[in-house]
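Here is the structure we will look at.
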4 protein chains.
Amino acid sequence: MSAKLQGIFTPTLVPLDDRGQINEPELRRFISWLIERGVHGLYPNGSTGEFTRFTAEERRRIVQITCDEAHGRVPILAGAAEANVKETLGACEAYAGMGAAAVAIVSPFYFKLAPDSVYAYFSEIARHTPIDLTLYNIPMFASPIDVPTIRRLAEFPRVVGIKDSTGDVAFMMRMIAAVRPIRPDFCFLTGWEAVLAPMLLVGCDGGTNASSNAVPEVTRRIYELCRAGNFDEAMKWNFRLQELFDMMLFPFEFPDGFRRAAALRGFAFGEGRQPLTEAQQRDRDAMARVLQCILADFEFVDRPAEGCAPRVRQPDADRVEQVVRRVMQELDKRGVF
Amino acid sequence: MSAKLQGIFTPTLVPLDDRGQINEPELRRFISWLIERGVHGLYPNGSTGEFTRFTAEERRRIVQITCDEAHGRVPILAGAAEANVKETLGACEAYAGMGAAAVAIVSPFYFKLAPDSVYAYFSEIARHTPIDLTLYNIPMFASPIDVPTIRRLAEFPRVVGIKDSTGDVAFMMRMIAAVRPIRPDFCFLTGWEAVLAPMLLVGCDGGTNASSNAVPEVTRRIYELCRAGNFDEAMKWNFRLQELFDMMLFPFEFPDGFRRAAALRGFAFGEGRQPLTEAQQRDRDAMARVLQCILADFEFVDRPAEGCAPRVRQPDADRVEQVVRRVMQELDKRGVF
Amino acid sequence: MSAKLQGIFTPTLVPLDDRGQINEPELRRFISWLIERGVHGLYPNGSTGEFTRFTAEERRRIVQITCDEAHGRVPILAGAAEANVKETLGACEAYAGMGAAAVAIVSPFYFKLAPDSVYAYFSEIARHTPIDLTLYNIPMFASPIDVPTIRRLAEFPRVVGIKDSTGDVAFMMRMIAAVRPIRPDFCFLTGWEAVLAPMLLVGCDGGTNASSNAVPEVTRRIYELCRAGNFDEAMKWNFRLQELFDMMLFPFEFPDGFRRAAALRGFAFGEGRQPLTEAQQRDRDAMARVLQCILADFEFVDRPAEGCAPRVRQPDADRVEQVVRRVMQELDKRGVF
Amino acid sequence: MSAKLQGIFTPTLVPLDDRGQINEPELRRFISWLIERGVHGLYPNGSTGEFTRFTAEERRRIVQITCDEAHGRVPILAGAAEANVKETLGACEAYAGMGAAAVAIVSPFYFKLAPDSVYAYFSEIARHTPIDLTLYNIPMFASPIDVPTIRRLAEFPRVVGIKDSTGDVAFMMRMIAAVRPIRPDFCFLTGWEAVLAPMLLVGCDGGTNASSNAVPEVTRRIYELCRAGNFDEAMKWNFRLQELFDMMLFPFEFPDGFRRAAALRGFAFGEGRQPLTEAQQRDRDAMARVLQCILADFEFVDRPAEGCAPRVRQPDADRVEQVVRRVMQELDKRGVF
């Protein structure tokens with residue numbers, strides 16, 4: 001029986017070389033740097049790792065490199081979702097053989113499935129997997145996993161936890177209230193570090209946080225402060241992390257902002273596989289300078305040579321707010337709802 | 001038994017004077033102009049008439065003026081929704097006394113009710129109203145009325161039709177398929193003139209179209225061409241109407257664009273009751289010049305003195321598209337779905 | 001200058017008599033009971049008070065009774081939204097004269113307005129109101145108020161706070177980060193008690209919580225535990241409150257579940273103004289027995305004579321989860337998104 | 001220069017054998033049957049073909065079999081989306097070599113991209129593809145392609161059309177109005193046959209309709225009636241098709257209902273790759289009997305031995321309506337909007 005997954009797992013970004021291929025030496029260097037900076041585990045083939053943009057063969061190679069480089073220093077939670085149940089079980093077997101501590105399997109995507117179908121999918125895998133698995137709930141991208149389905153799936157011994165990326169604290173509380181009584185060992189990880197401290201307050205065991213690619217020191221500090229019961233101090237850091245998180249998340253296509261920020265820590269991530277227009281490229285360069293200013297406040301990097309404007313809080317999140325609200329109105333006008 | 005409601009009903013805009021009060025002489029002049037331009041009926045206290053921004057007393061006065069001015073030339077469909085069932089029934093009685101042909105009652109709003117509650121609300125009214133009523137389905141603003149609820153409500157003789165503002169042609173077909181077999185006389189009116197001809201093709205009896213405040217000639221023409229089976233010619237006009245409709249709808253807060261366009265036909269609508277910032281005022285003035293250019297193409301008004309730029313199709317609808325898409329993505333990123 | 005609003009404000013339910021009219025004696029008895037049970041303030045004409053289902057005259061009478069009965073024992077935050085700016089300002093003046101501490105004004109509803117329009121609306125009121133006002137953000141029912149709009153409105157001295165009913169902890173953090181630096185006195189109240197303790201952790205000053213109509217002792221205890229820094233103990237109560245909250249909220253049309261629960265504390269709330277079908281009535285009676293079981297666990301009431309089944313956590317919230325997920329999928333299938 | 005794509009293209013279902021592998025003989029038999037029944041083209045690797053549930057190798061084999069079996073009798077529109085631009089271009093080359101008339105490329109999915117990113121993705125492919133391509137817009141599953149993006153992409157000669165699965169007639173009109181003036185040859189295909197006749201009325205060139213797997217005769221008839229200008233007759237068939245479409249779509253996980261209906265025409269589709277619970281299996285068997293009754297009304301199959309209940313229109317679509325409305329309300333209650 002493996003130990004409970006807890007702490008901050010980094011959904012590892014994948015450096016690419018000039019030809020767009022996996023940059024293995026840089027990936028190895030990045031993995032070791034993360035471990036040295038204190039992350040509690042690694043999570044290759046997550047959304048942050050852009051698993052859908054790699055081929056099946058590449059996904060296996062990423063896990064292989066990660067397990068090999070980590071070399072037992074931290075547990076590996078390997079993303080194992082493939083095209084169908086049979087292929088996914090094949091990946092589970094492969095990752096078990098590579099020494100992963102567990103696999104994470106995202107709910108079926110593209111087609112959005114009903115709860116019963118989500119249950120059927122995961123239960124079929126849970127019955128046959130040779131390695132523990134965590135559910136991965138990310139309704140913005142994949143079929144949602146609701147509370148009753150989680151509770152039903154928690155009856156399978158091989159299902160040992162859930163990573164939830166909703167950022168909905170009340171939903172997390174409902175999951176915990178539903179599952180803990182029957183599975184005290186079940187692990188809850190949040191993927192939404194904007195509310196990391198509140199999530200730890202309500203009972204999360206940790207997080208799989210894209211931000212830990214860029215500021216592993218900060219996510220660990222919030223985790224440790226919360227574990228020590230020092231929530232007020234944790235919140236001070238959480239507010240700072242939220243500013244960074246919002247700036248990495250909203251102005252960029254995910255996960256480009258996180259790639260940019262992690263690159264500022266000294267790694268060559270290369271161009272992403274999703275192409276950008278020239279206008280986008282210019283925008284992103286400008287936004288990256290704001291990222292550098294925020295990271296400089298943390299004293300992780302130097303300020304840009306051209307200096308930093310006094311920052312208004314979350315300029316882009318503000319813009320996003322505006323846009324979101326405007327759109328709901330437009331959708332309403334169009335009779336969508 | 002009243003005649004079936006059919007044709008184009010204008011959800012009448014309300015002119016305001018300098019003090020923000022109902023401008024009765026202008027309202028009367030506007031009503032007579034609409035009738036002379038061929039609208040088949042009038043619909044005071046609709047969304048276009050901004051019924052929620054008037055007091056209960058003002059709403060009654062608007063219907064009184066409308067009935068009085070129409071003087072039997074066209075039927076009046078009077079919006080009768082008030083704060084609760086008792087108040088709404090009071091309005092039904094009053095409007096029956098004023099000579100309205102029927103009332104239209106929007107589904108309960110603010111609170112969004114479940115189908116059973118929507119049924120309970122309308123059935124309570126249907127049992128006691130002294131005047132025929134049409135349901136008003138506008139899910140962008142009020143509790144939706146779904147197909148089974150419509151079918152159940154169609155069993156009340158006093159419920160004689162529905163105005164639907166979804167613009168969803170497949171939904172309209174489902175309503176018609178569900179209700180016509182049990183109530184051949186039931187009337188279906190669409191509030192989404194962007195697809196007026198397709199709606200008439202699938203079986204609508206007409207529309208309550210905000211655009212008919214500005215271009216009653218066009219909505220009538222599309223209606224008559226469809227009635228004559230000349231759908232191809234109707235579509236040519238519908239494409240032109242869509243351009244105008246999009247420009248009245250998307251860049252403005254509803255119904256300001258329609259007020260602006262109708263004003264260009266020679267009426268003084270005054271300032272709306274919803275205040276605008278100075279920046280909004282400037283934007284709206286610029287957009288109104290585009291409206292004038294479109295109306296000039298129809299030869300309803302002169303071109304603005306400064307001329308018209310060659311129009312790109314639907315500049316703002318395009319922008320709206322961009323915004324809508326961007327927002328769905330942002331909502332996704334934020335885990336809303 | 002009035003004191004900062006803080007603590008738990010009860011958005012007071014309104015008892016009705018057999019004829020559906022305001023039951024003044026019972027309302028007075030209820031108000032005094034709430035004050036004796038420790039609520040920090042009262043908030044008449046909120047959503048929980050079903051302000052949209054009363055006439056303008058009735059809304060004034062409700063505030064009058066509340067101010068009179070409270071008699072200075074706790075501050076009154078009076079809901080003052082009316083049909084338009086002029087009418088709303090009239091209500092502000094009236095409530096100032098009645099001794100309210102401040103008014104709460106919900107964002108414009110029915111029409112969903114863009115941020116600039118929301119700003120224009122509130123700024124027009126803020127310039128002319130004779131009494132402090134709090135913004136009321138409840139995007140499920142009314143036009144959303146986004147972070148930049150809140151920050152801009154915080155520049156008006158008369159705007160002293162916001163009540164937010166989103167339940168989104170990250171959004172609350174963004175508001176606080178944006179406004180506190182320029183207005184340290186600005187007050188943040190949450191309307192989503194499912195996450196009351198996390199909201200207080202991140203910096204809320206209190207809440208306007210429908211649940212405090214039924215269990216004022218519990219909402220006060222959570223508030224006091226958090227103020228004392230005892231978040232772990234607060235969370236134990238918050239989990240119990242969430243179970244009750246979910247059961248009052250999801251199986252009923254809002255706010256009927258809260259009316260049912262408060263009635264179990266010994267008050268005659270009468271039938272609501274939104275009619276129910278017979279089937280709904282039966283369902284609600286059954287759900288009320290579950291409410292009684294939960295309240296009995298708190299030792300606020302006796303168990304029902306027929307006993308209590310062992311409770312599964314949140315049966316209806318589970319069902320709602322299922323339904324929500326199923327619908328998103330259906331909407332997807334229909335091409336809505 | 002290839003001929004314009006027009007008419008009904010079948011997004012071909014893929015029969016599986018007992019081991020869950022592609023059943024090549026049955027696929028060949030099915031393809032020839034479709035061609036003999038009058039479909040104008042075939043579209044392997046569409047959503048209906050469940051392209052995401054096959055491996056990259058299987059997707060190529062499906063196209064190979066289709067091209068080989070069609071043998072030039074009808075044009076092949078081959079779904080070519082792979083994990084990234086490079087892999088997708090590899091598929092384009094392969095399918096060009098197999099004799100496909102064009103490829104269809106779905107907008108990037110899982111990650112939901114902004115319009116500029118969608119443009120960047122397709123323009124990169126359009127510059128390098130050796131074969132004509134059609135855009136595939138299916139916002140329920142993939143990043144939406146908005147009107148301005150479509151117009152910009154229409155400037156690439158290799159981009160020859162769009163398949164749109166929104167079912168939004170007004171949106172289709174906006175696309176046509178934006179693109180036809182600059183690209184009269186651009187082809188518009190609708191994927192939402194519930195409104196097939198209205199879509200053809202507004203200017204669509206045809207459809208890629210899942211229903212044509214089950215009733216190729218009906219989709220062809222509607223197409224031909226519309227081409228002949230006989231819209232009234234077309235609508236009679238469209239109402240019947242909608243009943244079948246709703247029953248294949250809503251009660252099942254897509255595309256299982258279409259598989260069930262096509263199986264009733266005499267083909268062995270086998271179990272799908274998405275597992276079902278036993279309860280789901282029972283439900284689906286019951287629903288399949290309703291499908292058989294509808295198909296029997298068309299005289300395509302015999303009635304089931306146990307007979308057919310008098311059908312209420314769209315029982316499940318009704319249920320779906322109820323669920324959809326209920327959920328929007330629940331989402332509202334939860335403050336999602």
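Going through the structure tokens in order, the chains are called A, B, and so on, while each chain numbers its residues from 1 and the ligands are numbered from 1 in the order shown.
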Do a neighbour search on range 46-54 of chain C at 6 Å with only C-alpha atoms, toss out local chain neighbours closer than 2 positions, and write the hits as a list in words. Ala83 and Asn84 of chain B; Pro11, Thr12, Leu13, Val14, Pro44, Glu58, Gly79 and Pro255 of chain C
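Excluding Gln6 in chain A and any residue on its chain fewer than 5 positions from it, the residues at most 12 Å away by only C-alpha atoms are A:Val39, A:His40, A:Gly41, A:Leu42, A:Val74, A:Pro75, A:Ile76, A:Leu77, A:Val160, A:Gly161, A:Ile162, A:Lys163, A:Asp185, A:Phe186, A:Cys187, A:Phe188, A:Leu189, A:Thr190, A:Leu200, A:Gly203, A:Cys204, A:Asp205, A:Gly206, A:Gly207, A:Thr208, A:Arg220, A:Tyr223, A:Glu224, A:Arg227.
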Identify all residues of range 42-191 of chain C in helix (DSSP H, G or I) (DSSP on the backbone) and supply them as an MDAnalysis selection string. chainID C and resid 51:53 56:70 85:98 115:128 147:153 169:179
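Taking only C-alpha atoms into account, chain B lies nearest to D:Thr149 out of the set D:Ser165, D:Thr149, D:Thr88, D:Gln292.
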Using 6 Å as the limit and counting only C-alpha atoms, can you tabulate each residue of chain C that touches chain B, with its shortest atom-to-atom distance in Å and the two atoms involved, as a Markdown table?
```
| residue | atom | partner | partner_atom | distance |
| --- | --- | --- | --- | --- |
| C:Arg53 | CA | B:Ala83 | CA | 4.8 |
| C:Ala83 | CA | B:Arg53 | CA | 4.8 |
| C:Asn84 | CA | B:Arg53 | CA | 5.4 |
| C:Tyr110 | CA | B:Phe141 | CA | 5.1 |
| C:Ala120 | CA | B:Thr277 | CA | 5.4 |
| C:Tyr121 | CA | B:Pro275 | CA | 5.8 |
| C:Phe141 | CA | B:Tyr110 | CA | 5.1 |
| C:Pro275 | CA | B:Ala120 | CA | 5.7 |
| C:Leu276 | CA | B:Ala120 | CA | 5.4 |
| C:Thr277 | CA | B:Ala120 | CA | 5.4 |
```
How would the residues just picked look written out with N, CA and C atoms as an mmCIF file, in the first residue's frame?
```cif
data_model
loop_
_atom_site.group_PDB
_atom_site.id
_atom_site.type_symbol
_atom_site.label_atom_id
_atom_site.label_comp_id
_atom_site.auth_asym_id
_atom_site.auth_seq_id
_atom_site.Cartn_x
_atom_site.Cartn_y
_atom_site.Cartn_z
ATOM 1 N N ARG C 53 -41.357 40.440 -5.276
ATOM 2 C CA ARG C 53 -42.744 39.954 -5.218
ATOM 3 C C ARG C 53 -43.656 40.861 -4.411
ATOM 4 N N ALA C 83 -37.725 50.659 -9.656
ATOM 5 C CA ALA C 83 -37.790 50.462 -11.108
ATOM 6 C C ALA C 83 -36.757 51.263 -11.900
ATOM 7 N N ASN C 84 -36.299 52.365 -11.343
ATOM 8 C CA ASN C 84 -35.331 53.183 -12.066
ATOM 9 C C ASN C 84 -34.605 54.086 -11.075
ATOM 10 N N TYR C 110 -33.260 41.990 -14.868
ATOM 11 C CA TYR C 110 -34.026 41.700 -16.087
ATOM 12 C C TYR C 110 -33.099 41.960 -17.273
ATOM 13 N N ALA C 120 -22.570 53.393 -14.611
ATOM 14 C CA ALA C 120 -23.378 54.604 -14.807
ATOM 15 C C ALA C 120 -24.577 54.618 -13.860
ATOM 16 N N TYR C 121 -25.172 53.470 -13.684
ATOM 17 C CA TYR C 121 -26.353 53.362 -12.821
ATOM 18 C C TYR C 121 -25.988 53.675 -11.368
ATOM 19 N N PHE C 141 -28.905 36.394 -10.577
ATOM 20 C CA PHE C 141 -30.209 37.040 -10.744
ATOM 21 C C PHE C 141 -30.121 38.404 -11.434
ATOM 22 N N PRO C 275 -47.014 30.573 -6.509
ATOM 23 C CA PRO C 275 -47.837 29.376 -6.285
ATOM 24 C C PRO C 275 -47.055 28.086 -6.521
ATOM 25 N N LEU C 276 -47.534 27.014 -5.926
ATOM 26 C CA LEU C 276 -46.932 25.689 -6.103
ATOM 27 C C LEU C 276 -47.990 24.729 -6.639
ATOM 28 N N THR C 277 -47.569 23.757 -7.422
ATOM 29 C CA THR C 277 -48.491 22.690 -7.804
ATOM 30 C C THR C 277 -48.682 21.769 -6.590
#
```
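Interatomic distance, CA of Ile35 in chain D to CA of Thr10 in chain D: 9.5 Å.
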Please provide the set of residues having any atom within 10 Å of range 237-242 of chain A, restricted to only C-alpha atoms, with same-chain residues fewer than 4 positions apart removed, written as a PyMOL selection string. (chain A and resi 192-198+211+215+218-219+221-222+225+231-233+246-248+294+297-298+314) or (chain C and resi 170+173-174+176-177+202)
